[in-house]
Amino acid sequence: MKRLTAEWVSNPVKVTAIFGTYRKVGVIDSAMDEVLLAAREAGAETTKIYLLDKHIEFCSNCRTCTQEAGREPGKCPIADDMRAILDEIKGSDAIVLASPMNFWTVTALMKRFIERLVCFAFRPRGALPRHSQTSEGSAGAHRPRGDL
């Protein structure tokens with residue numbers, strides 16, 4: 001954790017925890033409570049988001065959200081709770097993802113959420129994927145929008 005300074009006290013760090021668990025008050029919650037407690041004790045503000053409680057649709061891979069360059073995430077045409085979650089993430093200094101392992105990977109809740117983070121990428125239609133670029137480094141594909 002960062003050392004507690006006068007600047008940090010006047011402008012505390014915000015930590016957002018995203019939970020991809022199907023069971024509240026379980027092992028994942030207990031582990032994350034310890035992480036968030038340590039952050040609060042160091043002066044951080046903390047927020048919990050339970051994906052189980054949110055309406056998040058699957059990404060349709062329309063790539064509408066990846067067409068505009070810039071520091072802001074692209075706008076997804078799907079009307080669900082993802083926009084509010086993205087706003088929370090953008091306002092955070094740190095993000096912690098927490099998920100149990102199901103069949104050697106994170107839960108479907110977490111996968112759905114992670115897939116929707118594509119809105120932070122810039123990949124205009126017709127651009128070559130990075131691995132297809134020439135040695136001169138053609139512009140266009142897979143550039144991040146900015147610091148997250």
# chains A, B, ... in the order shown; residues from 1 in each chain; ligands from 1
$ residues_around --residues "Glu45 (chain A)" --least-positions-apart "5" --cutoff "8 Å" --atoms "only C-alpha atoms" --output "PyMOL selection string"
chain A and resi 12-15+39-40
$ closest_residue --among "A:Ile18, A:Ala44, A:Val35, A:Ala69" --to "Cys119 (chain A)" --atoms "only C-alpha atoms"
A:Ala69
$ closest_residue --among "A:Leu109, A:Leu117, A:Ile56, A:Val96" --to "Lys75 (chain A)" --atoms "only C-alpha atoms"
A:Leu117
$ select_by_dssp --residues "region 9-73 of chain A" --states "strand (DSSP E or B)" --output "VMD selection string"
chain A and resid 14 to 19 45 to 50
$ write_last_selection --atoms "N, CA and C atoms" --output "mmCIF file, in the first residue's frame"
data_model
loop_
_atom_site.group_PDB
_atom_site.id
_atom_site.type_symbol
_atom_site.label_atom_id
_atom_site.label_comp_id
_atom_site.auth_asym_id
_atom_site.auth_seq_id
_atom_site.Cartn_x
_atom_site.Cartn_y
_atom_site.Cartn_z
ATOM 1 N N LYS A 14 -9.264 5.527 -4.390
ATOM 2 C CA LYS A 14 -10.519 4.785 -4.456
ATOM 3 C C LYS A 14 -10.241 3.403 -5.036
ATOM 4 N N VAL A 15 -10.638 2.378 -4.291
ATOM 5 C CA VAL A 15 -10.447 0.988 -4.699
ATOM 6 C C VAL A 15 -11.815 0.365 -4.951
ATOM 7 N N THR A 16 -12.002 -0.203 -6.134
ATOM 8 C CA THR A 16 -13.257 -0.869 -6.478
ATOM 9 C C THR A 16 -12.998 -2.358 -6.648
ATOM 10 N N ALA A 17 -13.776 -3.160 -5.938
ATOM 11 C CA ALA A 17 -13.674 -4.618 -6.031
ATOM 12 C C ALA A 17 -14.855 -5.143 -6.837
ATOM 13 N N ILE A 18 -14.563 -5.936 -7.843
ATOM 14 C CA ILE A 18 -15.579 -6.548 -8.701
ATOM 15 C C ILE A 18 -15.631 -8.027 -8.344
ATOM 16 N N PHE A 19 -16.798 -8.490 -7.908
ATOM 17 C CA PHE A 19 -16.968 -9.874 -7.461
ATOM 18 C C PHE A 19 -17.676 -10.699 -8.533
ATOM 19 N N GLU A 45 -10.852 4.773 0.028
ATOM 20 C CA GLU A 45 -12.295 4.545 -0.049
ATOM 21 C C GLU A 45 -12.483 3.258 -0.839
ATOM 22 N N THR A 46 -13.414 2.413 -0.418
ATOM 23 C CA THR A 46 -13.610 1.141 -1.120
ATOM 24 C C THR A 46 -15.062 0.973 -1.545
ATOM 25 N N THR A 47 -15.242 0.255 -2.628
ATOM 26 C CA THR A 47 -16.566 -0.047 -3.163
ATOM 27 C C THR A 47 -16.579 -1.506 -3.602
ATOM 28 N N LYS A 48 -17.703 -2.172 -3.368
ATOM 29 C CA LYS A 48 -17.892 -3.548 -3.835
ATOM 30 C C LYS A 48 -18.973 -3.565 -4.916
ATOM 31 N N ILE A 49 -18.713 -4.302 -5.981
ATOM 32 C CA ILE A 49 -19.715 -4.532 -7.018
ATOM 33 C C ILE A 49 -19.848 -6.035 -7.198
ATOM 34 N N TYR A 50 -21.038 -6.536 -6.968
ATOM 35 C CA TYR A 50 -21.329 -7.964 -7.155
ATOM 36 C C TYR A 50 -21.968 -8.143 -8.533
#
$ residues_around --residues "Asp29 (chain A)" --least-positions-apart "5" --cutoff "9 Å" --atoms "only C-alpha atoms" --output "PyMOL selection string"
chain A and resi 19+21+23-24+34+98
$ write_last_selection --atoms "N, CA and C atoms" --output "compact mmCIF listing (two decimals), in the first residue's frame"
# COMPACT_ATOMS: atom_id res chain seq x y z
N PHE A 19 -16.80 -8.49 -7.91
CA PHE A 19 -16.97 -9.87 -7.46
C PHE A 19 -17.68 -10.70 -8.53
N THR A 21 -18.47 -13.95 -8.07
CA THR A 21 -18.86 -15.16 -7.35
C THR A 21 -20.38 -15.35 -7.36
N ARG A 23 -21.73 -16.98 -4.80
CA ARG A 23 -22.06 -17.13 -3.37
C ARG A 23 -21.53 -15.94 -2.59
N LYS A 24 -22.44 -15.11 -2.12
CA LYS A 24 -22.03 -14.00 -1.26
C LYS A 24 -21.70 -14.56 0.12
N GLU A 34 -10.66 -8.79 3.58
CA GLU A 34 -9.33 -8.52 4.17
C GLU A 34 -8.55 -7.51 3.32
N ALA A 98 -12.26 -10.37 -8.30
CA ALA A 98 -12.31 -11.54 -7.42
C ALA A 98 -13.30 -12.56 -7.97
$ atom_distance --atom1 "CA of Phe113 (chain A)" --atom2 "CA of Glu68 (chain A)"
21.0 Å
$ atom_distance --atom1 "CA of Asp81 (chain A)" --atom2 "CA of Trp104 (chain A)"
27.3 Å
